[in-house]
Amino acid sequence: MPIHLYWGDDEAARQRALAVQIEALVDPAWASINLSRLDGGDPGQAAQALEEARTAPFGAGARVVVLQRSPFCQACPAELAAQLEAALELIPADGHLFLVSEGKPDARLRTTKQLRAVAEERSFPLPPIWDGAGQIERVESAARDRGLALAPGAAEALAEAIGSDGLRLASELEKLALHAGSAAGPITAEAVAALIGGQVTSSLAVGDALLAQHPAEAIALVEALLENNEPALRIVAALASQIRGWLWVCLLERSGEQDVAVIAKAAGIGNPKRIYIMRKQIRGRSPEQLLALLRRLLDVEAALKRGADPGDAFRDGFLLAALAQPGHAPRR
């Protein structure tokens with residue numbers, strides 16, 4: 001198909017899949033003419049991508065037009081939508097238009113429906129931070145794409161060390177590939193520990209520390225995440241999701257609901273088995289305590305959006321959250 005719809009927040013996987021396609025389609029000798037990279041954040045460049053995709057390639061190979069931040073499946077202006085509709089049937093068989101975006105296409109839009117009728121669609125979502133099995137599967141998939149074999153335990157070690165940082169996963173796999181080139185056999189957990197070093201925390205561990213009223217531990221874990229270039233607002237989003245899940249489970253249990261499938265559906269949790277773990281985590285906690293955590297987290301988010309230093313925003317918010325817990329003093 002001449003049109004390709006790539007979306008998802010796993011930027012590293014998305015860009016690697018795109019690079020593989022470009023390598024297969026574009027003749028390197030004609031790449032300067034037949035390969036275009038444009039930014040859909042500019043309406044002029046989005047329109048230019050449609051124009052270039054309709055132009056036959058020069059010389060050998062195919063023409064490839066890559067439009068990052070594609071607007072066509074999000075809030076697409078009427079004029080651009082009309083230009084897309086006019087261009088869909090005019091892209092030659094040896095021309096390829098890649099529409100790339102981070103967000104999931106809005107299925108309600110006419111442009112999304114039109115594209116899905118004619119395009120090859122691939123999604124690259126990051127697994128939720130709490131989904132350990134999904135994180136491991138993502139590591140294994142990335143290793144397979146690079147032709148790397150992983151020994152038992154290696155994928156788990158990588159997932160724990162890297163978390164949701166897709167770009168770092170790509171970088172560390174390249175490092176491990178070089179190491180594997182000089183040794184026989186698959187990549188081992190010992191090699192991961194030796195080359196990558198100490199394990200990096202995750203936002204889930206931060207939430208667990210807050211729930212246990214260990215603010216100093218939570219702050220140290222956040223500092224480790226920030227040092228590894230985890231975006232501050234992404235940490236806030238992960239924590240908010242985690243705490244809201246606890247709050248839903250707490251409220252539903254207090255109302256007398258015992259069916260884990262019903263609780264999981266109401267809380268927006270895909271795996272009902274996770275409810276058993278969450279029940280143990282929040283045992284002895286009240287909805288008021290969880291709401292207090294959410295309020296402090298909103299204060300952290302507000303401070304970040306006002307330009308506060310991330311470390312200071314989390315320190316202030318977490319220490320105040322601990323002080324706000326009824327009947328408990330924070331542990332340091």
# chains A, B, ... in the order shown; residues from 1 in each chain; ligands from 1
call {"tool": "residues_around", "arguments": {"residues": "Gln21 of chain A", "least_positions_apart": "5", "cutoff": "12 Å", "atoms": "only C-alpha atoms", "output": "list in words"}}
result
Pro2, His4, Tyr6, Arg14, Gln15, Arg16, Val26, Asp27, Leu35, Ala62, Arg63, Val64, Val65, Val66, His96, Leu97 and Phe98 of chain A
call {"tool": "write_last_selection", "arguments": {"atoms": "N, CA and C atoms", "output": "tab-separated table (two decimals), in the first residue's frame"}}
result
chain	number	residue	atom	x	y	z
A	2	PRO	N	0.50	2.29	-0.74
A	2	PRO	CA	1.35	3.48	-0.80
A	2	PRO	C	1.22	4.39	0.41
A	4	HIS	N	0.97	4.70	4.67
A	4	HIS	CA	1.29	3.97	5.88
A	4	HIS	C	0.97	4.86	7.08
A	6	TYR	N	1.49	5.18	10.95
A	6	TYR	CA	2.27	4.72	12.09
A	6	TYR	C	1.95	5.61	13.29
A	14	ARG	N	8.90	2.92	16.85
A	14	ARG	CA	8.27	3.55	15.69
A	14	ARG	C	9.32	3.99	14.68
A	15	GLN	N	10.36	4.65	15.18
A	15	GLN	CA	11.40	5.15	14.28
A	15	GLN	C	12.23	4.03	13.68
A	16	ARG	N	12.41	2.96	14.44
A	16	ARG	CA	13.18	1.83	13.89
A	16	ARG	C	12.39	1.16	12.75
A	26	VAL	N	14.00	2.88	-0.53
A	26	VAL	CA	14.72	3.99	-1.17
A	26	VAL	C	16.10	3.54	-1.63
A	27	ASP	N	16.41	3.83	-2.87
A	27	ASP	CA	17.75	3.57	-3.40
A	27	ASP	C	18.69	4.63	-2.82
A	35	LEU	N	13.69	10.94	-1.00
A	35	LEU	CA	13.32	10.83	0.42
A	35	LEU	C	13.08	12.21	1.00
A	62	ALA	N	11.96	3.67	-4.85
A	62	ALA	CA	10.67	4.32	-4.66
A	62	ALA	C	10.86	5.71	-4.04
A	63	ARG	N	9.79	6.50	-4.13
A	63	ARG	CA	9.78	7.77	-3.42
A	63	ARG	C	9.13	7.55	-2.06
A	64	VAL	N	9.73	8.11	-1.02
A	64	VAL	CA	9.20	8.01	0.34
A	64	VAL	C	9.06	9.40	0.93
A	65	VAL	N	7.88	9.71	1.41
A	65	VAL	CA	7.62	10.98	2.09
A	65	VAL	C	7.19	10.64	3.51
A	66	VAL	N	7.94	11.16	4.48
A	66	VAL	CA	7.65	10.92	5.90
A	66	VAL	C	7.12	12.21	6.51
A	96	HIS	N	5.45	6.28	-1.52
A	96	HIS	CA	5.01	5.86	-0.19
A	96	HIS	C	4.92	7.06	0.73
A	97	LEU	N	3.74	7.26	1.32
A	97	LEU	CA	3.51	8.35	2.26
A	97	LEU	C	3.36	7.75	3.65
A	98	PHE	N	4.27	8.11	4.55
A	98	PHE	CA	4.23	7.64	5.93
A	98	PHE	C	3.71	8.75	6.81
call {"tool": "residues_around", "arguments": {"residues": "segment 219-226 of chain A", "least_positions_apart": "5", "cutoff": "9 Å", "atoms": "only C-alpha atoms", "output": "list in words"}}
result
Val200, Thr201, Ser202, Ser203, Ala205, Val206, Ala209, His214, Pro231, Ala232, Ile235, Pro310, Gly311, Phe314, Arg315, Phe318 and Leu319 of chain A
call {"tool": "write_last_selection", "arguments": {"atoms": "N, CA and C atoms", "output": "PDB file, in the first residue's frame"}}
result
ATOM      1  N   VAL A 200      17.407   0.958  37.311  1.00  0.00           N
ATOM      2  CA  VAL A 200      16.701   2.224  37.411  1.00  0.00           C
ATOM      3  C   VAL A 200      15.323   1.967  37.998  1.00  0.00           C
ATOM      4  N   THR A 201      14.870   2.902  38.799  1.00  0.00           N
ATOM      5  CA  THR A 201      13.555   2.737  39.384  1.00  0.00           C
ATOM      6  C   THR A 201      12.462   3.032  38.375  1.00  0.00           C
ATOM      7  N   SER A 202      11.224   2.788  38.770  1.00  0.00           N
ATOM      8  CA  SER A 202      10.086   3.135  37.947  1.00  0.00           C
ATOM      9  C   SER A 202       9.126   3.981  38.765  1.00  0.00           C
ATOM     10  N   SER A 203       8.200   4.626  38.074  1.00  0.00           N
ATOM     11  CA  SER A 203       7.210   5.447  38.763  1.00  0.00           C
ATOM     12  C   SER A 203       6.352   4.613  39.705  1.00  0.00           C
ATOM     13  N   ALA A 205       7.392   2.263  41.656  1.00  0.00           N
ATOM     14  CA  ALA A 205       8.105   2.170  42.932  1.00  0.00           C
ATOM     15  C   ALA A 205       7.946   3.464  43.721  1.00  0.00           C
ATOM     16  N   VAL A 206       7.882   4.591  43.013  1.00  0.00           N
ATOM     17  CA  VAL A 206       7.663   5.874  43.676  1.00  0.00           C
ATOM     18  C   VAL A 206       6.302   5.870  44.369  1.00  0.00           C
ATOM     19  N   ALA A 209       6.303   3.805  47.507  1.00  0.00           N
ATOM     20  CA  ALA A 209       6.959   4.491  48.628  1.00  0.00           C
ATOM     21  C   ALA A 209       6.043   5.550  49.237  1.00  0.00           C
ATOM     22  N   HIS A 214       6.832   6.832  53.007  1.00  0.00           N
ATOM     23  CA  HIS A 214       8.290   6.984  53.024  1.00  0.00           C
ATOM     24  C   HIS A 214       8.662   8.084  52.026  1.00  0.00           C
ATOM     25  N   PRO A 231      10.780  12.246  31.703  1.00  0.00           N
ATOM     26  CA  PRO A 231      10.069  13.535  31.790  1.00  0.00           C
ATOM     27  C   PRO A 231       9.257  13.639  33.083  1.00  0.00           C
ATOM     28  N   ALA A 232       9.356  14.791  33.735  1.00  0.00           N
ATOM     29  CA  ALA A 232       8.690  14.978  35.023  1.00  0.00           C
ATOM     30  C   ALA A 232       7.183  14.795  34.913  1.00  0.00           C
ATOM     31  N   ILE A 235       6.160  11.217  34.844  1.00  0.00           N
ATOM     32  CA  ILE A 235       6.161  10.623  36.185  1.00  0.00           C
ATOM     33  C   ILE A 235       4.849  10.957  36.885  1.00  0.00           C
ATOM     34  N   PRO A 310      11.938  20.542  38.609  1.00  0.00           N
ATOM     35  CA  PRO A 310      11.259  19.272  38.884  1.00  0.00           C
ATOM     36  C   PRO A 310      11.597  18.673  40.237  1.00  0.00           C
ATOM     37  N   GLY A 311      12.879  18.690  40.600  1.00  0.00           N
ATOM     38  CA  GLY A 311      13.263  18.131  41.889  1.00  0.00           C
ATOM     39  C   GLY A 311      12.594  18.854  43.047  1.00  0.00           C
ATOM     40  N   PHE A 314       8.723  18.029  43.216  1.00  0.00           N
ATOM     41  CA  PHE A 314       8.410  16.719  43.801  1.00  0.00           C
ATOM     42  C   PHE A 314       8.739  16.691  45.295  1.00  0.00           C
ATOM     43  N   ARG A 315       9.861  17.300  45.693  1.00  0.00           N
ATOM     44  CA  ARG A 315      10.210  17.299  47.115  1.00  0.00           C
ATOM     45  C   ARG A 315       9.137  17.996  47.948  1.00  0.00           C
ATOM     46  N   PHE A 318       5.801  15.861  47.851  1.00  0.00           N
ATOM     47  CA  PHE A 318       5.823  14.582  48.550  1.00  0.00           C
ATOM     48  C   PHE A 318       5.929  14.766  50.059  1.00  0.00           C
ATOM     49  N   LEU A 319       6.713  15.739  50.504  1.00  0.00           N
ATOM     50  CA  LEU A 319       6.829  15.968  51.945  1.00  0.00           C
ATOM     51  C   LEU A 319       5.517  16.475  52.521  1.00  0.00           C
TER      52      LEU A 319
END
call {"tool": "select_by_dssp", "arguments": {"residues": "segment 116-282 of chain A", "states": "strand (DSSP E)", "output": "VMD selection string"}}
result
chain A and resid 120 to 123
call {"tool": "residues_around", "arguments": {"residues": "segment 38-54 of chain A", "least_positions_apart": "6", "cutoff": "7 Å", "atoms": "only C-alpha atoms", "output": "list in words"}}
result
Val65, Val66, Leu67, Gln68, Arg69, Ser70, Pro71, Leu80, Leu84, Ala87, Leu90, Ile91, Pro92, Gly95, His96 and Leu97 of chain A
call {"tool": "write_last_selection", "arguments": {"atoms": "all heavy atoms", "output": "short mmCIF file (atom, residue, chain, number, x, y, z; two decimals), in the first residue's frame"}}
result
data_model
loop_
_atom_site.label_atom_id
_atom_site.label_comp_id
_atom_site.auth_asym_id
_atom_site.auth_seq_id
_atom_site.Cartn_x
_atom_site.Cartn_y
_atom_site.Cartn_z
N VAL A 65 7.88 9.71 1.41
CA VAL A 65 7.62 10.98 2.09
C VAL A 65 7.19 10.64 3.51
O VAL A 65 6.21 9.92 3.72
CB VAL A 65 6.52 11.79 1.37
CG1 VAL A 65 6.25 13.09 2.13
CG2 VAL A 65 6.92 12.07 -0.07
N VAL A 66 7.94 11.16 4.48
CA VAL A 66 7.65 10.92 5.90
C VAL A 66 7.12 12.21 6.51
O VAL A 66 7.79 13.23 6.48
CB VAL A 66 8.91 10.46 6.66
CG1 VAL A 66 8.60 10.25 8.14
CG2 VAL A 66 9.48 9.19 6.05
N LEU A 67 5.91 12.14 7.05
CA LEU A 67 5.32 13.30 7.71
C LEU A 67 5.20 13.01 9.20
O LEU A 67 4.30 12.30 9.65
CB LEU A 67 3.94 13.62 7.12
CG LEU A 67 3.26 14.88 7.69
CD1 LEU A 67 4.04 16.13 7.31
CD2 LEU A 67 1.82 14.98 7.21
N GLN A 68 6.16 13.54 9.98
CA GLN A 68 6.08 13.40 11.43
C GLN A 68 5.00 14.34 11.97
O GLN A 68 4.68 15.35 11.38
CB GLN A 68 7.44 13.75 12.06
CG GLN A 68 8.59 12.85 11.63
CD GLN A 68 8.55 11.48 12.30
OE1 GLN A 68 7.70 11.21 13.13
NE2 GLN A 68 9.48 10.61 11.93
N ARG A 69 4.46 13.99 13.14
CA ARG A 69 3.39 14.77 13.77
C ARG A 69 2.24 15.01 12.80
O ARG A 69 1.73 16.12 12.66
CB ARG A 69 3.93 16.10 14.32
CG ARG A 69 4.97 15.93 15.42
CD ARG A 69 5.10 17.17 16.26
NE ARG A 69 5.60 18.31 15.49
CZ ARG A 69 5.57 19.56 15.92
NH1 ARG A 69 5.03 19.85 17.08
NH2 ARG A 69 6.07 20.53 15.18
N SER A 70 1.85 13.96 12.13
CA SER A 70 0.77 14.05 11.14
C SER A 70 -0.51 14.56 11.78
O SER A 70 -0.94 14.04 12.82
CB SER A 70 0.53 12.67 10.52
OG SER A 70 -0.68 12.67 9.79
N PRO A 71 -1.15 15.56 11.16
CA PRO A 71 -2.40 16.10 11.73
C PRO A 71 -3.65 15.39 11.22
O PRO A 71 -4.75 15.70 11.67
CB PRO A 71 -2.37 17.55 11.25
CG PRO A 71 -1.73 17.46 9.89
CD PRO A 71 -0.70 16.34 10.00
N LEU A 80 -7.01 21.05 4.90
CA LEU A 80 -6.08 19.93 4.79
C LEU A 80 -6.82 18.62 4.55
O LEU A 80 -6.37 17.77 3.79
CB LEU A 80 -5.24 19.81 6.06
CG LEU A 80 -3.87 20.49 6.09
CD1 LEU A 80 -3.20 20.25 7.43
CD2 LEU A 80 -2.99 20.01 4.95
N LEU A 84 -6.21 16.04 1.50
CA LEU A 84 -5.93 14.62 1.68
C LEU A 84 -6.87 13.77 0.84
O LEU A 84 -6.45 12.84 0.16
CB LEU A 84 -6.07 14.25 3.16
CG LEU A 84 -5.97 12.76 3.48
CD1 LEU A 84 -4.55 12.24 3.24
CD2 LEU A 84 -6.39 12.48 4.93
N ALA A 87 -5.87 13.66 -2.66
CA ALA A 87 -4.58 13.04 -2.96
C ALA A 87 -4.59 11.53 -2.82
O ALA A 87 -3.72 10.84 -3.38
CB ALA A 87 -3.51 13.62 -2.03
N LEU A 90 -4.21 9.41 -5.90
CA LEU A 90 -3.24 9.90 -6.87
C LEU A 90 -1.80 9.54 -6.53
O LEU A 90 -0.88 9.87 -7.27
CB LEU A 90 -3.35 11.44 -6.99
CG LEU A 90 -4.71 11.97 -7.45
CD1 LEU A 90 -4.71 13.49 -7.46
CD2 LEU A 90 -5.04 11.43 -8.84
N ILE A 91 -1.61 8.84 -5.41
CA ILE A 91 -0.25 8.44 -5.04
C ILE A 91 0.15 7.22 -5.87
O ILE A 91 -0.56 6.21 -5.85
CB ILE A 91 -0.17 8.13 -3.54
CG1 ILE A 91 -0.53 9.37 -2.73
CG2 ILE A 91 1.22 7.63 -3.15
CD1 ILE A 91 -0.60 9.13 -1.23
N PRO A 92 1.24 7.30 -6.60
CA PRO A 92 1.63 6.17 -7.47
C PRO A 92 2.06 4.96 -6.66
O PRO A 92 2.37 5.06 -5.47
CB PRO A 92 2.80 6.75 -8.28
CG PRO A 92 3.35 7.84 -7.44
CD PRO A 92 2.19 8.43 -6.70
N GLY A 95 5.30 5.20 -4.91
CA GLY A 95 5.41 6.29 -3.95
C GLY A 95 4.83 5.85 -2.62
O GLY A 95 3.85 5.11 -2.57
N HIS A 96 5.45 6.28 -1.52
CA HIS A 96 5.01 5.86 -0.19
C HIS A 96 4.92 7.06 0.73
O HIS A 96 5.91 7.79 0.90
CB HIS A 96 5.96 4.81 0.39
CG HIS A 96 5.95 3.52 -0.37
ND1 HIS A 96 5.18 2.44 0.00
CD2 HIS A 96 6.61 3.15 -1.51
CE1 HIS A 96 5.36 1.45 -0.86
NE2 HIS A 96 6.22 1.86 -1.79
N LEU A 97 3.74 7.26 1.32
CA LEU A 97 3.51 8.35 2.26
C LEU A 97 3.36 7.75 3.65
O LEU A 97 2.43 6.98 3.92
CB LEU A 97 2.25 9.12 1.87
CG LEU A 97 1.78 10.21 2.84
CD1 LEU A 97 2.83 11.31 2.98
CD2 LEU A 97 0.45 10.79 2.38
#
call {"tool": "residues_around", "arguments": {"residues": "Gly166 of chain A", "least_positions_apart": "4", "cutoff": "10 Å", "atoms": "only C-alpha atoms", "output": "number ranges by chain"}}
result
A: 9-14, 126, 138-139, 142, 162, 170-172
call {"tool": "write_last_selection", "arguments": {"atoms": "N, CA and C atoms", "output": "PDB file, in the first residue's frame"}}
result
ATOM      1  N   ASP A   9       3.235   5.846  21.268  1.00  0.00           N
ATOM      2  CA  ASP A   9       4.184   6.630  22.048  1.00  0.00           C
ATOM      3  C   ASP A   9       5.526   5.942  22.246  1.00  0.00           C
ATOM      4  N   ASP A  10       5.714   4.745  21.664  1.00  0.00           N
ATOM      5  CA  ASP A  10       7.034   4.106  21.703  1.00  0.00           C
ATOM      6  C   ASP A  10       7.843   4.637  20.518  1.00  0.00           C
ATOM      7  N   GLU A  11       8.454   5.783  20.744  1.00  0.00           N
ATOM      8  CA  GLU A  11       9.134   6.470  19.641  1.00  0.00           C
ATOM      9  C   GLU A  11      10.270   5.647  19.064  1.00  0.00           C
ATOM     10  N   ALA A  12      11.027   4.970  19.922  1.00  0.00           N
ATOM     11  CA  ALA A  12      12.169   4.202  19.433  1.00  0.00           C
ATOM     12  C   ALA A  12      11.720   3.094  18.481  1.00  0.00           C
ATOM     13  N   ALA A  13      10.686   2.328  18.868  1.00  0.00           N
ATOM     14  CA  ALA A  13      10.183   1.243  18.009  1.00  0.00           C
ATOM     15  C   ALA A  13       9.593   1.808  16.727  1.00  0.00           C
ATOM     16  N   ARG A  14       8.898   2.923  16.854  1.00  0.00           N
ATOM     17  CA  ARG A  14       8.269   3.551  15.687  1.00  0.00           C
ATOM     18  C   ARG A  14       9.320   3.995  14.681  1.00  0.00           C
ATOM     19  N   LEU A 126       3.563   2.102  24.065  1.00  0.00           N
ATOM     20  CA  LEU A 126       4.347   1.647  25.202  1.00  0.00           C
ATOM     21  C   LEU A 126       3.426   0.892  26.149  1.00  0.00           C
ATOM     22  N   ARG A 138       8.059  -6.404  25.211  1.00  0.00           N
ATOM     23  CA  ARG A 138       8.602  -5.317  24.393  1.00  0.00           C
ATOM     24  C   ARG A 138      10.112  -5.454  24.229  1.00  0.00           C
ATOM     25  N   VAL A 139      10.810  -5.802  25.314  1.00  0.00           N
ATOM     26  CA  VAL A 139      12.260  -6.008  25.248  1.00  0.00           C
ATOM     27  C   VAL A 139      12.575  -7.169  24.315  1.00  0.00           C
ATOM     28  N   ALA A 142      12.052  -6.147  20.691  1.00  0.00           N
ATOM     29  CA  ALA A 142      13.124  -5.275  20.208  1.00  0.00           C
ATOM     30  C   ALA A 142      14.408  -6.060  19.952  1.00  0.00           C
ATOM     31  N   ILE A 162      15.625  -0.522  32.532  1.00  0.00           N
ATOM     32  CA  ILE A 162      15.344   0.559  31.590  1.00  0.00           C
ATOM     33  C   ILE A 162      13.951   1.130  31.759  1.00  0.00           C
ATOM     34  N   ALA A 170      16.816   0.998  22.971  1.00  0.00           N
ATOM     35  CA  ALA A 170      17.489   0.843  21.680  1.00  0.00           C
ATOM     36  C   ALA A 170      18.991   1.009  21.827  1.00  0.00           C
ATOM     37  N   SER A 171      19.396   2.017  22.600  1.00  0.00           N
ATOM     38  CA  SER A 171      20.821   2.278  22.790  1.00  0.00           C
ATOM     39  C   SER A 171      21.511   1.126  23.514  1.00  0.00           C
ATOM     40  N   GLU A 172      20.875   0.612  24.583  1.00  0.00           N
ATOM     41  CA  GLU A 172      21.489  -0.461  25.358  1.00  0.00           C
ATOM     42  C   GLU A 172      21.534  -1.765  24.569  1.00  0.00           C
TER      43      GLU A 172
END
call {"tool": "closest_atom_pairs", "arguments": {"of": "segment 168-236 of chain A", "to": "segment 284-293 of chain A", "cutoff": "12 Å", "atoms": "only C-alpha atoms", "output": "JSON lines"}}
result
{"residue": "A:Gly207", "atom": "CA", "partner": "A:Leu293", "partner_atom": "CA", "distance": 9.6}
{"residue": "A:Asp208", "atom": "CA", "partner": "A:Leu293", "partner_atom": "CA", "distance": 11.8}
{"residue": "A:Ala209", "atom": "CA", "partner": "A:Leu293", "partner_atom": "CA", "distance": 11.7}
{"residue": "A:Leu210", "atom": "CA", "partner": "A:Leu293", "partner_atom": "CA", "distance": 8.0}
{"residue": "A:Leu211", "atom": "CA", "partner": "A:Leu290", "partner_atom": "CA", "distance": 8.2}
{"residue": "A:Ala212", "atom": "CA", "partner": "A:Arg285", "partner_atom": "CA", "distance": 9.7}
{"residue": "A:Gln213", "atom": "CA", "partner": "A:Leu293", "partner_atom": "CA", "distance": 10.3}
{"residue": "A:Pro215", "atom": "CA", "partner": "A:Leu293", "partner_atom": "CA", "distance": 11.4}
{"residue": "A:Val236", "atom": "CA", "partner": "A:Leu293", "partner_atom": "CA", "distance": 11.6}
call {"tool": "select_by_dssp", "arguments": {"residues": "segment 59-301 of chain A", "states": "helix (DSSP H, G or I)", "output": "VMD selection string"}}
result
chain A and resid 78 to 90 110 to 118 132 to 145 154 to 162 166 to 181 189 to 196 203 to 211 215 to 227 232 to 254 260 to 267 274 to 281 287 to 301
call {"tool": "closest_residue", "arguments": {"among": "A:Ala143, A:Val100, A:Ala194, A:Leu148", "to": "Phe124 of chain A", "atoms": "only C-alpha atoms"}}
result
A:Val100
call {"tool": "closest_residue", "arguments": {"among": "A:Leu233, A:Ala264, A:Ala24, A:Leu247", "to": "Ala313 of chain A", "atoms": "only C-alpha atoms"}}
result
A:Leu233
call {"tool": "closest_residue", "arguments": {"among": "A:Pro127, A:Leu297, A:Gly61, A:Ala93", "to": "Arg244 of chain A", "atoms": "only C-alpha atoms"}}
result
A:Leu297
